[in-house]
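**Student:** Sharing a structure, written as structure tokens. Questions coming.
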Amino acid sequence: MIALQHYLAVSAVLFSLGMLGILTRRNAVNVLMGVELVLNSANLNLVAFSRFGPGNLQGQLFAVFVIVIAAAEVAVALAIVLTLYRLRRTPNLDEADILRG
Amino acid sequence: MQDVLTSVKWFEPELILTGVLLLVVLVDSTLAAWRNVAARVLTVGGLLLALVRVVELRGVSGEIFSGMAVVDPLASFFKALLIGASLLVILAFTFRNSRELHGLGQGEFYALMLAVTISNVLMATANDLAMLYLALEMVSITSYVMVAYMKGDRMSNEASLKYILFGAVSTGTMLYGLSLLYGLTGNTSLPAIRDFLAAGLTDANRLAVYAIALLVFAGFGFKTAAVPFHFWCPDVYQGAPTPVTAFLSVAPKAAGFAIMMRFFYQGLATPRAGPWDLVGTIDWARVLILVSVLTMTVGNVAALTQTNMKRLLAYSSIAHAGYIMMGVVALSQNGARALMIYLLAYLVMNLGAFLVVTLVHLHEGTFDLRDYPGLYRRSPFLTLAMAVFLLSLMGIPPLVGFMGKLYVFAAIVERGPSYFWYAAVGAVNAAIAAYYYARILKTMIIDTPPAEKPPLRLAFADATWVSLLLAANVLPLLWWARIEASLSLYAGR
Amino acid sequence: MSAEAAVFYLFAAVTVASGAVVVLARSLIYSAFALLFTFFGVAGLYVLLGADFLAATQLLIYVGGILVLLLFGVMLTHKLYDLDLRSEVTQFLPGIIVATGLILILASPVRWPLDLRGLMFRTQWAVGAGRPPAATTAEIGQLFMGRYLLPFEAASILLLVALMGAAMIVRRRKDA
């Protein structure tokens, strides 16, 4: 029998992997992939709680909004990555360094 | 159906803003010669109308849209503050007096300002975790676009990229915390969550609540630029066009504090006269005190060595977030009122300082403090204005900045002797801050410039807005009893 | 092992393994394609959880939209003849330590000899009657027009702003 905790464990691992990607990657697009893993893990939580909890659909609806927000965020982020690449020809984060103080 | 109709009536300010947003987008796409003027007039008119409706609706109280949002005195105050902040920024900072915005498309800027205002207001009134997260992300995503408004500018785009990556990570972490909160309580509605927590917690669940609090605070900390989620702040404030910086330093921060208050007000505490009880015996305040102390100290110490005015004001705004948080920590009606007074004062003093920085940049093309010597002889009026704004930020009586500090410190001291050290740390910090504000004053007034430059002439409109902000820093003291009384009403006393 | 368990472990393994590849692969293209499998794995778990609408949304928006955008991002920020789209890694050891710590805090299964269970196993979640798997689309649609009317409409403003903003940022300046 697969219980709630099984799904939570998968989500915890996915969250940790996302954080690992965010912490170790230099490429902006790669960091965004890490963020997507984190968002997916949170969504998995929401849906699992919705299924095993008091039986309301609140978790699922929350998850739908998260997906919409993620799409909007990625669209804006990539627009900026592309503009920046056009301006200085690198997608790496630590070469974005005129702002220092 | 009845519920939706009533909700719509109480939701009118937001609807007005949405309507104007769509109109501005339409007008901008006509490509007619008058579209810039029309967009500006529409935006200012829409914000004014919304502000009037907010004031008219200040008496109502209740949940709207099936409990997704809430209308109450606290929400009304923040709505007025947030709409007012947008209005002030649009009126005082224009495409003419900002060298950075000069020549860029205007319609999109006004549309973005309206969108971020709606999002701010939604954030301040959110009453459900889904709504809270959505509104927070709406504010963030609109802000990212505003920071990148100078299209061909590398600095502006770099700032935006840092903002967006930092923001995505913080809000992602927050979302993970919110999902666990839903799992723990089985509900996403804030009042239902409070009822659940108030019923008492087992030891194992208390641990989960602490973890959730930590995760959720990543989002609040990011919005209010509190340590340790402040790293984006100096870079973003420096890279963004100055009007956007000025706006970001007041409005989203205020909205962040609104949602933080709401989380306590409706999620975790029982509001009543005197100190509030925390539900479920969770001592949140201790964690927040630590964050607040770190925030003001880090902000002030880092500001000491800055020479770029925008960066300096960025660190100063981090420090002010630390003081404002004292109002949240006090967790009482007086704390809520102190928070409101501080945010109002911070609005007029910080916008004033940024306006002077913008005007100096317009005439001199520099944000560097090393180019400020001799300003006193070249424009006594601008120097006087800057001096008042800085003294107000310092917290010198009888300016509004002093009143803000007075009320937050009073609210803290009121909580008893165990809070005295916290107030003392705040006082020491105010002294450190006085040093770097005074350094700017000394540079402007005493230091001798390397070369004599001609007097700096201000346009009439700019001089008017500087004077109005100046008056807003000095004059409120005349009607203080009245202001205090009406703010007490909003704090629910 | 029941059929449900078998399917769960299959999807869980796909999700976690491809998630690891996303994070650890040296090549951006490998990461992007591994992300495809992660999204599929999560969609499979949604189906197991009885969230049919959400599984379809996941496939349409994440795989059809977000992943394609990310791939565009990878392709457009590298020269086309640049075959190994490498993504450099920094601070690998601290990252591994943090991630391992997170997994242990959240989902450590150790119960014996000491009770070191992670948060996920220790906490008493609000487990109730639950929701037997059944079609959810109709109900979700009604909720969008009812209880969730406000966020539903607010999301449309968000999409408008994102669309406008992304177009504005990428458009070249006229004088440039």
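Ordered as shown in the structure tokens, chains take letters A, B, and onward, while each chain numbers its residues from 1 and ligands are numbered from 1 in the order shown.
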Give me the chain C side of the contact with chain B, cut-off 9 Å, one line per residue showing its nearest atom pair and distance in Å at one decimal, counting only C-alpha atoms, sorted by chain and residue number, as a tab-separated table.

**Tutor:**
residue	atom	partner	partner_atom	distance
C:Leu119	CA	B:Ala208	CA	6.5
C:Met120	CA	B:Ala208	CA	8.6
C:Arg122	CA	B:Ala204	CA	6.2
C:Thr123	CA	B:Asn205	CA	5.3
C:Gln124	CA	B:Asn205	CA	6.5
C:Trp125	CA	B:Leu184	CA	4.7
C:Ala126	CA	B:Leu184	CA	5.2
C:Val127	CA	B:Gly186	CA	7.8
C:Gly128	CA	B:Gly186	CA	8.6
C:Gly146	CA	B:Ser66	CA	7.8
C:Arg147	CA	B:Ser66	CA	5.3
C:Tyr148	CA	B:Met68	CA	7.3
C:Leu149	CA	B:Phe65	CA	7.0
C:Leu150	CA	B:Phe65	CA	6.4
C:Pro151	CA	B:Met131	CA	5.9
C:Ala154	CA	B:Ala135	CA	8.0
C:Ala155	CA	B:Leu134	CA	7.5
C:Ile157	CA	B:Ala115	CA	7.4
C:Leu158	CA	B:Met138	CA	5.8
C:Val161	CA	B:Thr142	CA	6.7
C:Ala162	CA	B:Ile141	CA	7.2
C:Met164	CA	B:Glu108	CA	7.9
C:Gly165	CA	B:Val145	CA	5.6
C:Ala166	CA	B:Val145	CA	7.6
C:Met168	CA	B:Glu108	CA	8.1
C:Ile169	CA	B:Lys151	CA	6.0
C:Val170	CA	B:Lys151	CA	7.9
C:Arg171	CA	B:Lys151	CA	8.1
C:Arg172	CA	B:Lys151	CA	7.4
C:Arg173	CA	B:Gly152	CA	6.6
C:Ala176	CA	B:Gly152	CA	7.5

**Student:** Which residues, written as a PDB file with C-alpha atoms, in the first residue's frame, have at least one atom at most 8 Å from Asn308 of chain B, with only C-alpha atoms counted and residues fewer than 4 positions away on the same chain left out?

**Tutor:**
ATOM      1  CA  LEU B 312      24.078  53.644   0.063  1.00  0.00           C
ATOM      2  CA  PHE B 367      25.359  58.908  -8.586  1.00  0.00           C
ATOM      3  CA  ASP B 368      28.716  59.152  -6.884  1.00  0.00           C
ATOM      4  CA  LEU B 369      28.930  60.855  -3.519  1.00  0.00           C
TER       5      LEU B 369
END

**Student:** Output the contact residues of chain C with respect to chain A at a cut-off of 7 Å, based on only C-alpha atoms, as a PyMOL selection string.

**Tutor:** chain C and resi 5+12+16+19-20+23+49+54+66+70+73-74+77+87-92+95-96+99+102-103+106-107+120-121+126-131+159+162+165-166+169-170

**Student:** Please find the residues of chain B near chain A - the criterion being any atom within 7 Å, counting only C-alpha atoms - and write them as a PyMOL selection string.

**Tutor:** chain B and resi 130+141+154-155+157-158+161+164+168-169+172+175-176+179+183+186+188+235

**Student:** Only all heavy atoms, please: the residues just picked out, written as a tab-separated table (two decimals), in the first residue's frame.

**Tutor:**
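part16.tsv was written with the following content:
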chain	number	residue	atom	x	y	z
B	130	ALA	N	-3.07	30.27	-1.38
B	130	ALA	CA	-2.94	30.33	-2.84
B	130	ALA	C	-2.92	31.78	-3.31
B	130	ALA	O	-2.10	32.18	-4.15
B	130	ALA	CB	-4.09	29.58	-3.50
B	141	ILE	N	7.24	39.33	-10.28
B	141	ILE	CA	7.47	39.24	-11.72
B	141	ILE	C	7.35	40.62	-12.37
B	141	ILE	O	8.16	40.99	-13.22
B	141	ILE	CB	6.48	38.22	-12.35
B	141	ILE	CG1	6.85	36.82	-11.86
B	141	ILE	CG2	6.52	38.28	-13.87
B	141	ILE	CD1	5.89	35.75	-12.27
B	154	ARG	N	23.40	47.27	-19.78
B	154	ARG	CA	23.86	46.01	-19.25
B	154	ARG	C	23.59	45.92	-17.75
B	154	ARG	O	23.20	44.87	-17.24
B	154	ARG	CB	25.36	45.90	-19.50
B	154	ARG	CG	25.79	44.47	-19.71
B	154	ARG	CD	27.25	44.41	-20.02
B	154	ARG	NE	27.91	43.57	-19.06
B	154	ARG	CZ	29.16	43.22	-19.13
B	154	ARG	NH1	29.91	43.67	-20.11
B	154	ARG	NH2	29.69	42.43	-18.23
B	155	MET	N	23.78	47.04	-17.06
B	155	MET	CA	23.63	47.04	-15.62
B	155	MET	C	22.19	46.73	-15.22
B	155	MET	O	21.94	45.95	-14.31
B	155	MET	CB	24.05	48.39	-15.08
B	155	MET	CG	24.81	48.29	-13.82
B	155	MET	SD	25.93	49.66	-13.63
B	155	MET	CE	24.93	50.89	-12.89
B	157	ASN	N	19.97	45.11	-16.92
B	157	ASN	CA	19.63	43.71	-17.18
B	157	ASN	C	20.29	42.76	-16.21
B	157	ASN	O	19.70	41.76	-15.79
B	157	ASN	CB	20.02	43.35	-18.62
B	157	ASN	CG	18.94	43.77	-19.59
B	157	ASN	OD1	17.87	43.18	-19.61
B	157	ASN	ND2	19.20	44.80	-20.35
B	158	GLU	N	21.55	43.07	-15.85
B	158	GLU	CA	22.21	42.22	-14.85
B	158	GLU	C	21.49	42.25	-13.53
B	158	GLU	O	21.29	41.23	-12.89
B	158	GLU	CB	23.64	42.71	-14.63
B	158	GLU	CG	24.61	42.11	-15.59
B	158	GLU	CD	26.02	42.42	-15.20
B	158	GLU	OE1	26.30	42.67	-14.01
B	158	GLU	OE2	26.86	42.42	-16.10
B	161	LEU	N	18.44	40.11	-13.77
B	161	LEU	CA	18.72	38.68	-13.73
B	161	LEU	C	19.00	38.22	-12.31
B	161	LEU	O	18.50	37.19	-11.86
B	161	LEU	CB	19.91	38.34	-14.64
B	161	LEU	CG	20.20	36.86	-14.74
B	161	LEU	CD1	19.06	36.14	-15.41
B	161	LEU	CD2	21.49	36.59	-15.50
B	164	ILE	N	15.73	38.16	-10.43
B	164	ILE	CA	14.81	37.10	-10.81
B	164	ILE	C	15.28	35.75	-10.28
B	164	ILE	O	14.49	34.95	-9.78
B	164	ILE	CB	14.62	37.09	-12.34
B	164	ILE	CG1	13.29	36.45	-12.71
B	164	ILE	CG2	15.71	36.36	-13.06
B	164	ILE	CD1	12.90	36.75	-14.13
B	168	ALA	N	13.20	33.81	-7.59
B	168	ALA	CA	12.63	32.50	-7.90
B	168	ALA	C	13.00	31.50	-6.83
B	168	ALA	O	12.17	30.69	-6.40
B	168	ALA	CB	13.12	32.03	-9.26
B	169	VAL	N	14.26	31.56	-6.36
B	169	VAL	CA	14.68	30.61	-5.33
B	169	VAL	C	13.95	30.87	-4.01
B	169	VAL	O	13.43	29.95	-3.38
B	169	VAL	CB	16.21	30.67	-5.13
B	169	VAL	CG1	16.63	29.77	-4.00
B	169	VAL	CG2	16.92	30.27	-6.41
B	172	GLY	N	10.29	29.98	-4.32
B	172	GLY	CA	10.17	28.53	-4.42
B	172	GLY	C	10.27	27.88	-3.06
B	172	GLY	O	9.48	27.00	-2.71
B	175	LEU	N	7.15	28.49	-1.20
B	175	LEU	CA	6.06	27.64	-1.67
B	175	LEU	C	6.14	26.26	-1.04
B	175	LEU	O	5.12	25.68	-0.65
B	175	LEU	CB	6.10	27.53	-3.20
B	175	LEU	CG	5.07	26.59	-3.79
B	175	LEU	CD1	3.69	27.17	-3.61
B	175	LEU	CD2	5.34	26.33	-5.25
B	176	TYR	N	7.38	25.74	-0.91
B	176	TYR	CA	7.53	24.43	-0.29
B	176	TYR	C	7.00	24.47	1.15
B	176	TYR	O	6.30	23.56	1.58
B	176	TYR	CB	9.01	24.01	-0.32
B	176	TYR	CG	9.20	22.53	-0.13
B	176	TYR	CD1	8.91	21.66	-1.16
B	176	TYR	CD2	9.65	22.01	1.07
B	176	TYR	CE1	9.07	20.30	-1.00
B	176	TYR	CE2	9.81	20.65	1.25
B	176	TYR	CZ	9.51	19.80	0.20
B	176	TYR	OH	9.66	18.45	0.37
B	179	SER	N	3.22	24.52	1.09
B	179	SER	CA	2.63	23.22	0.79
B	179	SER	C	2.61	22.36	2.05
B	179	SER	O	1.65	21.64	2.30
B	179	SER	CB	3.39	22.54	-0.36
B	179	SER	OG	4.62	22.04	0.10
B	183	GLY	N	-0.48	20.75	4.23
B	183	GLY	CA	-0.50	19.35	4.65
B	183	GLY	C	-0.77	19.20	6.13
B	183	GLY	O	-1.48	18.30	6.57
B	186	GLY	N	-4.52	20.91	6.57
B	186	GLY	CA	-5.59	20.46	5.70
B	186	GLY	C	-6.39	21.57	5.09
B	186	GLY	O	-7.47	21.36	4.56
B	188	THR	N	-6.11	25.80	3.17
B	188	THR	CA	-5.24	26.89	2.73
B	188	THR	C	-5.75	28.24	3.20
B	188	THR	O	-5.11	29.26	2.93
B	188	THR	CB	-5.12	26.93	1.19
B	188	THR	OG1	-6.42	27.06	0.63
B	188	THR	CG2	-4.43	25.71	0.65
B	235	ASP	N	22.48	45.40	-5.42
B	235	ASP	CA	22.70	45.30	-6.86
B	235	ASP	C	21.47	45.75	-7.64
B	235	ASP	O	21.57	46.48	-8.63
B	235	ASP	CB	23.04	43.86	-7.25
B	235	ASP	CG	24.44	43.49	-6.83
B	235	ASP	OD1	25.17	44.39	-6.38
B	235	ASP	OD2	24.81	42.31	-6.95

**Student:** From a DSSP pass on the backbone, collect the residues of segment 259-416 of chain B flagged as strand (DSSP E) and hand them back as a compact mmCIF listing (two decimals) with C-alpha atoms, in the first residue's frame.

**Tutor:**
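Saved result, result28.txt, follows:
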# COMPACT_ATOMS: atom_id res chain seq x y z
CA ALA B 269 -2.21 35.33 16.75
CA THR B 270 -5.42 36.45 18.37
CA ASP B 277 -1.45 35.82 22.37
CA LEU B 278 0.38 33.62 19.98
